[in-house]
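Engineer: This is query.cif (mmCIF, C-alpha atoms).
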data_input
#
loop_
_atom_site.label_atom_id
_atom_site.label_comp_id
_atom_site.auth_asym_id
_atom_site.auth_seq_id
_atom_site.Cartn_x
_atom_site.Cartn_y
_atom_site.Cartn_z
CA MET O 1 -46.20 -131.66 -133.94
CA GLY O 2 -44.69 -129.18 -131.48
CA ILE O 3 -43.23 -131.99 -129.38
CA LEU O 4 -41.67 -133.62 -132.46
CA LEU O 5 -40.08 -130.32 -133.48
CA GLY O 6 -38.79 -129.84 -129.94
CA LEU O 7 -37.24 -133.30 -129.89
CA LEU O 8 -35.69 -132.59 -133.29
CA ALA O 9 -34.23 -129.34 -131.90
CA ILE O 10 -32.66 -131.27 -129.00
CA VAL O 11 -31.14 -133.74 -131.47
CA VAL O 12 -29.81 -130.85 -133.59
CA VAL O 13 -28.21 -129.15 -130.57
CA LEU O 14 -26.59 -132.36 -129.35
CA GLY O 15 -25.55 -133.22 -132.90
CA ILE O 16 -23.80 -129.89 -133.43
CA ALA O 17 -22.07 -130.25 -130.06
CA PHE O 18 -20.97 -133.76 -131.06
CA LEU O 19 -19.53 -132.50 -134.35
CA MET O 20 -17.62 -129.83 -132.41
CA SER O 21 -16.29 -132.37 -129.88
CA ASN O 22 -12.52 -132.73 -129.64
CA ASP O 23 -12.70 -136.17 -128.00
CA LYS O 24 -15.78 -138.02 -129.19
CA LYS O 25 -14.73 -141.38 -127.72
CA ASN O 26 -14.69 -140.10 -124.15
CA ILE O 27 -18.03 -138.29 -124.04
CA ASN O 28 -19.82 -139.02 -120.75
CA LEU O 29 -23.04 -140.32 -122.34
CA ARG O 30 -24.40 -141.44 -118.97
CA GLY O 31 -23.94 -137.98 -117.49
CA VAL O 32 -25.49 -136.30 -120.54
CA GLY O 33 -28.51 -138.63 -120.35
CA ILE O 34 -28.97 -138.06 -116.62
CA MET O 35 -28.80 -134.27 -116.97
CA LEU O 36 -31.30 -134.31 -119.86
CA ALA O 37 -33.65 -136.39 -117.73
CA LEU O 38 -33.20 -133.96 -114.81
CA GLN O 39 -34.01 -131.04 -117.11
CA LEU O 40 -37.18 -132.71 -118.37
CA PHE O 41 -38.28 -133.66 -114.84
CA THR O 42 -37.51 -130.19 -113.43
CA THR O 43 -39.45 -128.42 -116.19
CA TRP O 44 -42.42 -130.79 -115.96
CA PHE O 45 -42.47 -130.51 -112.17
CA MET O 46 -42.28 -126.71 -112.11
CA PHE O 47 -44.76 -126.08 -114.94
CA ASN O 48 -47.22 -128.96 -114.70
CA THR O 49 -47.67 -129.79 -111.01
CA ASP O 50 -49.41 -127.89 -108.24
CA ILE O 51 -46.38 -128.29 -105.97
CA GLY O 52 -44.06 -126.94 -108.66
CA GLN O 53 -46.34 -123.98 -109.30
CA ALA O 54 -46.49 -123.32 -105.56
CA ILE O 55 -42.69 -123.36 -105.35
CA ILE O 56 -42.37 -120.93 -108.25
CA GLY O 57 -45.04 -118.75 -106.67
CA ALA O 58 -43.27 -118.76 -103.31
CA ILE O 59 -39.87 -117.93 -104.80
CA SER O 60 -41.41 -115.23 -106.98
CA ALA O 61 -43.23 -113.77 -103.97
CA GLY O 62 -39.97 -113.79 -102.04
CA PHE O 63 -38.19 -111.91 -104.81
CA ASN O 64 -41.07 -109.45 -105.11
CA LYS O 65 -40.89 -108.77 -101.37
CA LEU O 66 -37.13 -108.19 -101.65
CA ILE O 67 -37.80 -105.85 -104.58
CA GLU O 68 -40.22 -103.92 -102.36
CA PHE O 69 -37.54 -103.58 -99.67
CA GLY O 70 -34.98 -102.49 -102.25
CA THR O 71 -37.39 -99.96 -103.72
CA GLU O 72 -37.80 -98.38 -100.29
CA GLY O 73 -34.06 -97.77 -100.16
CA VAL O 74 -33.99 -96.36 -103.69
CA ASN O 75 -36.96 -94.09 -103.02
CA PHE O 76 -35.39 -92.75 -99.81
CA VAL O 77 -32.26 -91.68 -101.67
CA LEU O 78 -34.05 -90.40 -104.77
CA GLY O 79 -37.04 -88.82 -103.06
CA GLY O 80 -39.63 -90.89 -104.91
CA ILE O 81 -38.34 -90.10 -108.37
CA ALA O 82 -37.87 -93.83 -109.03
CA VAL O 83 -41.62 -94.45 -109.21
CA GLU O 84 -42.48 -91.55 -111.48
CA GLU O 85 -43.87 -92.66 -114.81
CA GLY O 86 -42.66 -91.39 -118.15
CA GLY O 87 -39.20 -90.35 -117.03
CA GLY O 88 -36.24 -91.25 -119.20
CA GLY O 89 -34.29 -92.62 -116.25
CA VAL O 90 -37.03 -94.84 -114.80
CA PHE O 91 -35.33 -98.09 -115.90
CA PHE O 92 -32.11 -97.18 -114.13
CA PHE O 93 -33.92 -96.19 -110.93
CA ASN O 94 -36.60 -98.91 -110.88
CA VAL O 95 -34.55 -101.85 -112.10
CA LEU O 96 -30.79 -101.39 -112.06
CA LEU O 97 -30.44 -99.77 -108.64
CA LEU O 98 -32.19 -102.77 -107.09
CA ILE O 99 -29.05 -104.74 -107.96
CA ILE O 100 -27.38 -102.96 -105.03
CA PHE O 101 -29.77 -104.53 -102.51
CA PHE O 102 -29.60 -108.00 -104.05
CA ALA O 103 -25.79 -107.88 -104.12
CA THR O 104 -25.83 -106.89 -100.44
CA ILE O 105 -27.98 -109.90 -99.51
CA LEU O 106 -25.73 -112.20 -101.57
CA SER O 107 -22.64 -110.84 -99.81
CA VAL O 108 -24.15 -111.31 -96.35
CA LEU O 109 -25.26 -114.87 -97.10
CA THR O 110 -21.75 -115.62 -98.33
CA TYR O 111 -20.15 -114.12 -95.21
CA LEU O 112 -22.47 -116.19 -92.99
CA LYS O 113 -21.31 -119.32 -94.89
CA ILE O 114 -24.90 -120.12 -95.86
CA LEU O 115 -24.42 -119.91 -99.61
CA PRO O 116 -21.01 -121.65 -99.66
CA PHE O 117 -22.53 -124.53 -97.67
CA ILE O 118 -25.47 -124.89 -100.07
CA ILE O 119 -23.28 -124.60 -103.16
CA LYS O 120 -20.69 -127.09 -101.90
CA TYR O 121 -23.16 -129.87 -101.19
CA LEU O 122 -25.30 -129.25 -104.26
CA GLY O 123 -22.09 -129.48 -106.30
CA GLN O 124 -21.13 -132.74 -104.60
CA ALA O 125 -24.59 -134.17 -105.27
CA LEU O 126 -24.41 -133.13 -108.92
CA SER O 127 -20.98 -134.74 -109.29
CA TYR O 128 -22.18 -137.96 -107.67
CA ILE O 129 -25.30 -138.22 -109.83
CA THR O 130 -23.75 -137.32 -113.18
CA GLY O 131 -20.19 -138.58 -112.80
CA LEU O 132 -18.75 -135.18 -113.69
CA PRO O 133 -15.60 -134.01 -111.84
CA LYS O 134 -16.18 -132.10 -108.60
CA ILE O 135 -14.59 -128.82 -109.70
CA GLU O 136 -16.82 -128.61 -112.77
CA SER O 137 -19.91 -129.56 -110.74
CA PHE O 138 -19.16 -127.05 -107.97
CA ASN O 139 -18.49 -124.30 -110.52
CA ALA O 140 -21.77 -125.01 -112.33
CA VAL O 141 -23.80 -124.59 -109.13
CA ASN O 142 -21.70 -121.62 -108.02
CA SER O 143 -22.34 -119.89 -111.34
CA ILE O 144 -26.08 -119.78 -110.61
CA PHE O 145 -25.46 -117.49 -107.64
CA PHE O 146 -22.40 -115.48 -108.61
CA GLY O 147 -21.37 -113.63 -111.75
CA GLN O 148 -18.95 -114.90 -114.34
CA SER O 149 -15.88 -113.39 -112.70
CA GLU O 150 -16.79 -114.26 -109.11
CA ALA O 151 -17.59 -117.89 -109.94
CA LEU O 152 -14.21 -118.41 -111.62
CA ILE O 153 -12.32 -116.61 -108.86
CA ALA O 154 -13.81 -119.05 -106.32
CA ILE O 155 -11.81 -121.90 -107.92
CA LYS O 156 -8.68 -119.93 -108.79
CA SER O 157 -6.48 -121.98 -106.46
CA GLN O 158 -7.14 -125.03 -108.66
CA PHE O 159 -6.63 -123.45 -112.07
CA HIS O 160 -3.18 -125.01 -112.31
CA GLN O 161 -4.73 -128.48 -112.60
CA LEU O 162 -7.33 -127.61 -115.23
CA SER O 163 -6.68 -129.03 -118.69
CA ASP O 164 -7.96 -127.14 -121.73
CA ASN O 165 -11.14 -129.25 -121.76
CA ARG O 166 -11.80 -128.65 -118.07
CA LEU O 167 -11.11 -124.96 -118.57
CA TYR O 168 -13.66 -124.93 -121.39
CA ILE O 169 -16.32 -126.51 -119.18
CA VAL O 170 -15.90 -124.10 -116.25
CA SER O 171 -15.87 -121.14 -118.67
CA ALA O 172 -18.99 -122.43 -120.42
CA SER O 173 -20.79 -122.77 -117.08
CA ALA O 174 -19.91 -119.17 -116.25
CA MET O 175 -21.16 -117.93 -119.62
CA GLY O 176 -24.32 -120.04 -119.60
CA SER O 177 -25.46 -118.78 -116.20
CA VAL O 178 -26.57 -115.48 -114.70
CA SER O 179 -25.73 -113.78 -111.42
CA ALA O 180 -28.29 -114.00 -108.62
CA SER O 181 -27.62 -110.34 -107.89
CA ILE O 182 -29.27 -109.31 -111.17
CA VAL O 183 -32.11 -111.85 -111.23
CA GLY O 184 -34.27 -109.25 -109.48
CA ALA O 185 -33.65 -106.91 -112.41
CA TYR O 186 -34.74 -109.60 -114.86
CA LEU O 187 -37.92 -110.18 -112.84
CA GLY O 188 -38.74 -106.51 -113.27
CA MET O 189 -38.86 -107.02 -117.04
CA LEU O 190 -39.99 -110.57 -117.83
CA PRO O 191 -42.35 -113.20 -116.30
CA ALA O 192 -40.91 -114.61 -113.10
CA GLN O 193 -41.79 -118.27 -113.69
CA TYR O 194 -39.72 -118.47 -116.87
CA VAL O 195 -36.74 -116.57 -115.48
CA LEU O 196 -36.63 -118.81 -112.39
CA VAL O 197 -36.97 -122.07 -114.35
CA ALA O 198 -34.18 -120.91 -116.67
CA LEU O 199 -31.66 -120.90 -113.81
CA PRO O 200 -31.43 -124.69 -113.25
CA LEU O 201 -32.10 -125.45 -116.92
CA ASN O 202 -29.17 -123.33 -118.06
CA MET O 203 -26.87 -124.89 -115.47
CA PHE O 204 -27.59 -128.35 -116.85
CA SER O 205 -27.53 -127.21 -120.49
CA ALA O 206 -24.13 -125.59 -120.13
CA LEU O 207 -22.74 -128.79 -118.62
CA ILE O 208 -24.40 -131.03 -121.22
CA VAL O 209 -23.12 -129.13 -124.24
CA ALA O 210 -19.69 -128.39 -122.76
CA SER O 211 -19.10 -131.99 -121.66
CA ILE O 212 -19.88 -133.14 -125.20
CA ILE O 213 -17.65 -130.54 -126.85
CA ALA O 214 -14.82 -130.98 -124.33
CA PRO O 215 -15.12 -134.34 -122.51
CA VAL O 216 -13.08 -134.86 -119.35
CA LYS O 217 -11.99 -137.83 -117.28
CA VAL O 218 -10.37 -137.25 -113.91
CA ASP O 219 -8.74 -139.83 -111.66
CA LYS O 220 -10.71 -140.21 -108.42
CA LYS O 221 -7.59 -139.50 -106.36
CA GLU O 222 -7.25 -136.14 -108.08
CA ASP O 223 -10.98 -135.38 -108.09
CA ILE O 224 -11.05 -132.94 -105.18
CA VAL O 225 -12.27 -129.38 -104.90
CA GLU O 226 -10.71 -126.73 -102.68
CA ILE O 227 -12.96 -123.73 -102.41
CA GLN O 228 -11.42 -120.28 -102.41
CA ASP O 229 -13.08 -118.08 -99.81
CA VAL O 230 -15.20 -115.68 -101.87
CA SER O 231 -15.82 -113.33 -98.94
CA ASN O 232 -13.01 -111.15 -97.61
CA ALA O 233 -15.27 -109.42 -95.10
CA LYS O 234 -14.22 -109.54 -91.46
CA SER O 235 -17.61 -108.61 -90.05
CA PHE O 236 -21.31 -108.66 -90.89
CA PHE O 237 -21.42 -104.94 -91.58
CA GLU O 238 -18.31 -105.05 -93.74
CA ALA O 239 -20.01 -107.77 -95.78
CA MET O 240 -23.03 -105.49 -96.20
CA GLY O 241 -20.84 -102.60 -97.28
CA ASN O 242 -18.83 -104.71 -99.70
CA GLY O 243 -22.01 -106.12 -101.22
CA ALA O 244 -23.54 -102.68 -101.63
CA LEU O 245 -20.41 -101.33 -103.32
CA ASP O 246 -20.22 -104.35 -105.61
CA GLY O 247 -23.91 -103.94 -106.46
CA GLY O 248 -23.43 -100.27 -107.25
CA ARG O 249 -20.51 -101.12 -109.50
CA ILE O 250 -22.55 -103.77 -111.33
CA ALA O 251 -25.51 -101.38 -111.77
CA LEU O 252 -23.26 -98.70 -113.25
CA ILE O 253 -21.50 -101.21 -115.51
CA VAL O 254 -24.84 -102.52 -116.81
CA ALA O 255 -26.11 -98.98 -117.36
CA THR O 256 -22.91 -98.01 -119.17
CA MET O 257 -23.04 -101.09 -121.38
CA LEU O 258 -26.70 -100.47 -122.19
CA ILE O 259 -25.93 -96.92 -123.31
CA ALA O 260 -23.07 -98.15 -125.49
CA PHE O 261 -24.84 -101.19 -126.95
CA ILE O 262 -28.21 -99.56 -127.62
CA ALA O 263 -26.57 -96.52 -129.21
CA SER O 264 -24.27 -98.75 -131.28
CA LEU O 265 -27.21 -100.92 -132.34
CA GLU O 266 -29.07 -97.83 -133.52
CA LEU O 267 -26.00 -96.77 -135.48
CA VAL O 268 -25.67 -100.19 -137.11
CA ASN O 269 -29.41 -100.29 -137.88
CA TRP O 270 -29.16 -96.85 -139.48
CA ALA O 271 -26.25 -98.00 -141.63
CA PHE O 272 -28.01 -101.26 -142.50
CA ALA O 273 -31.19 -99.41 -143.45
CA GLY O 274 -29.20 -97.10 -145.72
CA LEU O 275 -27.42 -99.98 -147.45
CA PHE O 276 -30.33 -102.42 -147.66
CA ASN O 277 -33.35 -100.22 -148.30
CA GLY O 278 -34.67 -99.92 -144.76
CA PHE O 279 -33.68 -103.48 -143.67
CA THR O 280 -32.22 -103.47 -140.14
CA LEU O 281 -29.67 -105.76 -138.52
CA GLN O 282 -32.31 -107.14 -136.16
CA GLU O 283 -34.62 -107.98 -139.04
CA ALA O 284 -31.73 -109.81 -140.73
CA LEU O 285 -31.01 -111.73 -137.53
CA GLY O 286 -34.70 -112.55 -137.25
CA TYR O 287 -34.75 -114.26 -140.64
CA VAL O 288 -31.50 -116.13 -139.88
CA ILE O 289 -32.63 -117.45 -136.49
CA ALA O 290 -36.33 -117.95 -137.34
CA PRO O 291 -35.94 -121.61 -138.49
CA LEU O 292 -34.21 -122.42 -135.20
CA GLY O 293 -36.96 -120.62 -133.33
CA LEU O 294 -39.53 -122.75 -135.13
CA LEU O 295 -37.76 -125.91 -133.94
CA MET O 296 -37.69 -124.52 -130.40
CA GLY O 297 -41.49 -124.35 -130.44
CA ILE O 298 -42.13 -120.74 -131.46
CA PRO O 299 -45.09 -120.36 -133.90
CA TRP O 300 -43.93 -119.45 -137.40
CA ALA O 301 -45.93 -116.20 -137.39
CA GLU O 302 -43.81 -115.05 -134.41
CA ALA O 303 -40.52 -116.76 -135.25
CA ILE O 304 -38.95 -113.86 -137.16
CA ASP O 305 -39.63 -111.29 -134.45
CA ALA O 306 -38.51 -113.75 -131.76
CA GLY O 307 -35.39 -114.56 -133.77
CA ALA O 308 -34.56 -110.86 -133.94
CA ILE O 309 -34.73 -110.65 -130.12
CA MET O 310 -32.56 -113.72 -129.67
CA GLY O 311 -30.04 -112.43 -132.20
CA THR O 312 -29.95 -109.07 -130.44
CA LYS O 313 -29.03 -110.84 -127.22
CA ILE O 314 -26.12 -112.68 -128.86
CA VAL O 315 -24.58 -109.60 -130.49
CA THR O 316 -25.23 -107.19 -127.60
CA ASN O 317 -26.35 -108.56 -124.20
CA GLU O 318 -29.41 -109.97 -122.45
CA PHE O 319 -30.52 -106.61 -121.00
CA VAL O 320 -30.79 -104.97 -124.42
CA ALA O 321 -32.80 -107.93 -125.72
CA MET O 322 -35.02 -108.08 -122.62
CA LEU O 323 -35.88 -104.40 -122.91
CA GLU O 324 -36.98 -104.93 -126.51
CA PHE O 325 -38.83 -108.14 -125.74
CA GLN O 326 -40.63 -106.51 -122.82
CA ASN O 327 -42.54 -104.37 -125.34
CA MET O 328 -43.65 -107.50 -127.24
CA LEU O 329 -45.03 -109.56 -124.32
CA ASP O 330 -48.66 -108.67 -125.06
CA GLN O 331 -48.26 -109.29 -128.79
CA VAL O 332 -46.98 -112.87 -128.83
CA SER O 333 -48.20 -116.23 -127.53
CA GLU O 334 -47.43 -117.51 -124.04
CA LYS O 335 -45.24 -120.22 -125.54
CA THR O 336 -43.11 -117.64 -127.33
CA VAL O 337 -42.86 -115.61 -124.12
CA GLY O 338 -41.62 -118.65 -122.21
CA VAL O 339 -39.19 -119.93 -124.85
CA VAL O 340 -37.60 -116.55 -125.54
CA THR O 341 -37.41 -115.61 -121.84
CA VAL O 342 -35.54 -118.82 -121.01
CA PHE O 343 -33.20 -118.23 -123.97
CA LEU O 344 -32.44 -114.68 -122.84
CA THR O 345 -31.68 -115.61 -119.22
CA SER O 346 -27.97 -116.26 -119.62
CA PHE O 347 -24.70 -114.42 -120.26
CA ALA O 348 -24.15 -116.09 -123.66
CA ASN O 349 -23.11 -113.12 -125.82
CA PHE O 350 -20.01 -111.67 -127.46
CA SER O 351 -19.11 -109.36 -124.59
CA SER O 352 -18.93 -112.31 -122.18
CA ILE O 353 -15.97 -113.73 -124.09
CA GLY O 354 -13.89 -110.72 -123.05
CA ILE O 355 -15.15 -110.80 -119.45
CA ILE O 356 -14.32 -114.49 -118.98
CA ALA O 357 -10.98 -114.32 -120.82
CA GLY O 358 -10.02 -111.23 -118.80
CA THR O 359 -10.91 -112.92 -115.51
CA VAL O 360 -8.92 -116.04 -116.34
CA GLN O 361 -6.04 -113.86 -117.57
CA GLY O 362 -5.93 -112.23 -114.14
CA ILE O 363 -5.78 -115.64 -112.47
CA ASP O 364 -3.41 -117.41 -114.88
CA SER O 365 -2.02 -115.52 -117.88
CA GLU O 366 -1.28 -118.69 -119.86
CA LYS O 367 -4.78 -120.09 -119.42
CA GLY O 368 -6.25 -116.67 -120.17
CA GLY O 369 -4.67 -116.88 -123.60
CA ARG O 370 -6.18 -120.33 -124.12
CA VAL O 371 -9.67 -119.05 -123.24
CA SER O 372 -9.25 -116.25 -125.77
CA GLY O 373 -8.22 -118.86 -128.31
CA PHE O 374 -11.44 -120.86 -127.97
CA GLY O 375 -13.63 -117.81 -127.30
CA MET O 376 -15.83 -118.23 -130.37
CA LYS O 377 -16.23 -121.95 -129.66
CA LEU O 378 -17.23 -120.98 -126.13
CA LEU O 379 -19.92 -118.59 -127.40
CA ILE O 380 -21.32 -121.19 -129.81
CA GLY O 381 -21.44 -123.79 -127.04
CA ALA O 382 -23.12 -121.41 -124.59
CA THR O 383 -25.65 -120.38 -127.24
CA LEU O 384 -26.42 -124.03 -127.96
CA GLY O 385 -27.00 -124.41 -124.22
CA SER O 386 -29.50 -121.54 -124.26
CA VAL O 387 -31.28 -123.13 -127.23
CA LEU O 388 -31.45 -126.46 -125.38
CA SER O 389 -32.92 -124.86 -122.24
CA ALA O 390 -35.49 -122.86 -124.20
CA THR O 391 -36.49 -125.91 -126.25
CA ILE O 392 -37.07 -128.05 -123.17
CA ALA O 393 -39.15 -125.27 -121.60
CA GLY O 394 -41.17 -125.09 -124.83
CA LEU O 395 -41.99 -128.81 -124.63
CA PHE O 396 -44.11 -128.15 -121.54
CA LEU O 397 -45.82 -124.92 -122.64
#
Output the structure of this file as structure tokens.
Structural biologist:
Amino acid sequence: MGILLGLLAIVVVLGIAFLMSNDKKNINLRGVGIMLALQLFTTWFMFNTDIGQAIIGAISAGFNKLIEFGTEGVNFVLGGIAVEEGGGGVFFFNVLLLIIFFATILSVLTYLKILPFIIKYLGQALSYITGLPKIESFNAVNSIFFGQSEALIAIKSQFHQLSDNRLYIVSASAMGSVSASIVGAYLGMLPAQYVLVALPLNMFSALIVASIIAPVKVDKKEDIVEIQDVSNAKSFFEAMGNGALDGGRIALIVATMLIAFIASLELVNWAFAGLFNGFTLQEALGYVIAPLGLLMGIPWAEAIDAGAIMGTKIVTNEFVAMLEFQNMLDQVSEKTVGVVTVFLTSFANFSSIGIIAGTVQGIDSEKGGRVSGFGMKLLIGATLGSVLSATIAGLFL
């Protein structure tokens, strides 16, 4: 029964995307089918084979070791306060400050041309297999490693040749992904195997949904990608310094947004409770999203609470939702943990519309206005992508 519901959820997601499509005749059905097959194979391989489990274990162990190294740096500066229990600032010290170390590693790997090399050839392989244009394929892979702004900046020299549909796809890939620099923070809150599997799943899902909503066809002569150098560092140590400063900025931005969003959510819940006899916004979102959660594979007894978490992520951001869901991990089934974790591991929320539109505005003011114009359509598409990823994960749990 669970498999049938999951398949129905996939049909619903693809059906909604099809209804939203602005060029139904030119949808790349072959590419969509190939990417769906790759998602199913990847999830089965990672969850249901010994080799896949070993790979997840090795990657998770690698991240945990990096977290240990990062914690040493945090503890040196803070004198051990980061590991004290019960303190109000433990989350900032134990989780957010680790972003600094991960951003440093990312910057160094970029300076050494290791990441650009990997991203370039993975993007070429994706384009060859699926038939998608090279810019869109490169951007999708790039978005796994870099944040929304950085991924778009890497292709800024080619923005002039992006049609509205191509602009939609690259924006959707940026919104449907997460930055590698903050994956370590996610791993400090939710199970590693589901966070790590979500990364490739969300890349494919963003491309699947976006290429249905906004199909593109590019002449082979024009199908080239020129990569903008994402590292301005002139030396190894400058790359380290730039990465550390970028990581510190990201940590402070996340902390600032958490303060604003959590406080605002409490305010809205207080107002909701006063108007609707103790009924909160999250409870309302839970009832609205619960039927979708049921299709995704979440047991009905847990669907309302899970729906509330997923709704919280959409109206605030993934960190707020993860912090709330972290307190529920021991109270729900493993399937719910996996499905919701995969759903939460993306930037698909209202605030991302402004971030992406602002980034594009800085690159090309005209195209920035176009992104703002289809901002809500972008959020719906990215959310459908998160639903697709979570549903496919649920099929194998």
Engineer: Which neighbours of Leu40 (chain O) fall inside 9 Å, counting only C-alpha atoms, when residues of the same chain fewer than 5 positions from it are skipped, and could you give them as a PDB file with C-alpha atoms, in the coordinates of the input?
Structural biologist:
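This is the output file result_34.pdb:
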ATOM      1  CA  MET O  35     -28.800-134.270-116.970  1.00  0.00           C
ATOM      2  CA  PHE O  45     -42.470-130.510-112.170  1.00  0.00           C
ATOM      3  CA  LEU O 201     -32.100-125.450-116.920  1.00  0.00           C
ATOM      4  CA  ILE O 392     -37.070-128.050-123.170  1.00  0.00           C
ATOM      5  CA  ALA O 393     -39.150-125.270-121.600  1.00  0.00           C
ATOM      6  CA  LEU O 395     -41.990-128.810-124.630  1.00  0.00           C
ATOM      7  CA  PHE O 396     -44.110-128.150-121.540  1.00  0.00           C
TER       8      PHE O 396
END
Engineer: Quick one: residues within 8 Å of Ala17 (chain O), all atoms listed in the file counted, chain neighbours fewer than 5 positions away excluded, as a ChimeraX atom specification?
Structural biologist: /O:209-210,212-213,381,384
Engineer: Please evaluate the PyMOL selection byres ((chain O and resi 257-265) around 12) against the structure above and give the resulting residues as a ChimeraX atom specification.
Structural biologist: /O:89,91-92,96,250-256,266-273,280-282,311-324,350-352
Engineer: For Val337 (chain O), list every protein, DNA or RNA residue within 12 Å, evaluated using only C-alpha atoms, and leave out those in the same chain fewer than 6 positions away; present the list as a compact mmCIF listing (two decimals) with C-alpha atoms, in the frame of the given file.
Structural biologist:
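What follows is the written file out22.txt:
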# COMPACT_ATOMS: atom_id res chain seq x y z
CA MET O 189 -38.86 -107.02 -117.04
CA LEU O 190 -39.99 -110.57 -117.83
CA PRO O 191 -42.35 -113.20 -116.30
CA ALA O 192 -40.91 -114.61 -113.10
CA GLN O 193 -41.79 -118.27 -113.69
CA TYR O 194 -39.72 -118.47 -116.87
CA VAL O 195 -36.74 -116.57 -115.48
CA GLY O 297 -41.49 -124.35 -130.44
CA ILE O 298 -42.13 -120.74 -131.46
CA PRO O 299 -45.09 -120.36 -133.90
CA GLU O 302 -43.81 -115.05 -134.41
CA ALA O 303 -40.52 -116.76 -135.25
CA ASP O 305 -39.63 -111.29 -134.45
CA ALA O 306 -38.51 -113.75 -131.76
CA ILE O 309 -34.73 -110.65 -130.12
CA MET O 310 -32.56 -113.72 -129.67
CA MET O 322 -35.02 -108.08 -122.62
CA PHE O 325 -38.83 -108.14 -125.74
CA GLN O 326 -40.63 -106.51 -122.82
CA ASN O 327 -42.54 -104.37 -125.34
CA MET O 328 -43.65 -107.50 -127.24
CA LEU O 329 -45.03 -109.56 -124.32
CA ASP O 330 -48.66 -108.67 -125.06
CA GLN O 331 -48.26 -109.29 -128.79
CA PHE O 343 -33.20 -118.23 -123.97
CA LEU O 344 -32.44 -114.68 -122.84
CA ALA O 390 -35.49 -122.86 -124.20
CA ALA O 393 -39.15 -125.27 -121.60
CA GLY O 394 -41.17 -125.09 -124.83
CA LEU O 397 -45.82 -124.92 -122.64
Engineer: Just the residues within 12 Å of region 58-64 of chain O, please, counting all atoms listed in the file, with nothing from its chain fewer than 3 positions along; format it as a count of residues only.
Structural biologist: 32
Engineer: Go through the shown structure with the PyMOL selection byres ((chain O and resi 361-363) around 10) and write out the matching residues as a list in words.
Structural biologist: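 Against this file, the PyMOL selection byres ((chain O and resi 361-363) around 10) returns the residues Leu152, Ile153, Ile155, Lys156, Ser157, Phe159, His160, Ile355, Ile356, Ala357, Gly358, Thr359, Val360, Asp364, Ser365, Glu366, Lys367, Gly368, Gly369, Arg370, Val371 and Ser372 of chain O.
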Engineer: Just to confirm, what's the straight-line distance from CA of Val216 (chain O) to CA of Ala140 (chain O) in Å (one decimal)?
Structural biologist: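 Between CA of Val216 (chain O) and CA of Ala140 (chain O) the gap is 14.9 Å.
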Engineer: The centre and edge lengths of an axis-aligned box containing all atoms of region 245-264 of chain O present in the file, extended by 4 Å on each side, are to be given in Å to one decimal, as JSON.
Structural biologist:
{"center_x": -24.2, "center_y": -100.4, "center_z": -117.3, "size_x": 16.0, "size_y": 15.8, "size_z": 36.0}
Engineer: On this structure, the PyMOL selection byres ((chain O and resi 136) around 9) would catch which residues? List them as a list in words, sorted by chain and number.
Structural biologist: Gly123, Ser127, Leu132, Pro133, Lys134, Ile135, Ser137, Phe138, Asn139, Ala140, Val141, Arg166, Leu167, Ile169, Val170, Ser173 and Leu207 of chain O
Engineer: Quote the spacing between CA of Ile224 (chain O) and CA of Arg30 (chain O) in Å to one decimal place.
Structural biologist: 21.0 Å
Engineer: Residues at most 8 Å from Leu379 (chain O), counting all atoms listed in the file, excluding those fewer than 5 positions away in the same chain, as a ChimeraX atom specification?
Structural biologist: /O:175,348-350,353
Engineer: Mind pulling up the distance from CA of Ser149 (chain O) to CA of Leu106 (chain O)?
Structural biologist: 14.9 Å
Engineer: Would you please work out which residue, of O:Phe347, O:Phe76, O:Phe47, O:Phe276, is nearest to Phe146 (chain O) when using only C-alpha atoms?
Structural biologist: O:Phe347
Engineer: Give the answer as one residue: which of O:Val288, O:Ala172, O:Met376, O:Ala233 has the shortest atom-to-atom distance to Ser107 (chain O), using all atoms listed in the file?
Structural biologist: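 Once distances to Ser107 (chain O) are computed over all atoms listed in the file, the minimum belongs to O:Ala233.
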Engineer: Using only C-alpha atoms for the distances, tell me which of O:Ser235, O:Ala103, O:Ala301, O:Gly131 is nearest to Asp219 (chain O).
Structural biologist: O:Gly131
Engineer: Using the incomplete input, complete region 159-163 of chain O to the level of N, CA, C and O atoms; output as an mmCIF file, in the frame of the given file.
Structural biologist:
data_model
loop_
_atom_site.group_PDB
_atom_site.id
_atom_site.type_symbol
_atom_site.label_atom_id
_atom_site.label_comp_id
_atom_site.auth_asym_id
_atom_site.auth_seq_id
_atom_site.Cartn_x
_atom_site.Cartn_y
_atom_site.Cartn_z
ATOM 1 N N PHE O 159 -6.774 -123.674 -110.631
ATOM 2 C CA PHE O 159 -6.630 -123.450 -112.070
ATOM 3 C C PHE O 159 -5.423 -124.188 -112.642
ATOM 4 O O PHE O 159 -5.423 -124.572 -113.808
ATOM 5 N N HIS O 160 -4.400 -124.371 -111.815
ATOM 6 C CA HIS O 160 -3.180 -125.010 -112.310
ATOM 7 C C HIS O 160 -3.422 -126.441 -112.771
ATOM 8 O O HIS O 160 -2.673 -126.972 -113.594
ATOM 9 N N GLN O 161 -4.474 -127.093 -112.246
ATOM 10 C CA GLN O 161 -4.730 -128.480 -112.600
ATOM 11 C C GLN O 161 -5.816 -128.645 -113.652
ATOM 12 O O GLN O 161 -6.218 -129.768 -113.974
ATOM 13 N N LEU O 162 -6.279 -127.538 -114.217
ATOM 14 C CA LEU O 162 -7.330 -127.610 -115.230
ATOM 15 C C LEU O 162 -6.721 -127.768 -116.622
ATOM 16 O O LEU O 162 -5.966 -126.910 -117.081
ATOM 17 N N SER O 163 -7.072 -128.855 -117.294
ATOM 18 C CA SER O 163 -6.680 -129.030 -118.690
ATOM 19 C C SER O 163 -7.508 -128.085 -119.548
ATOM 20 O O SER O 163 -8.434 -127.425 -119.069
#
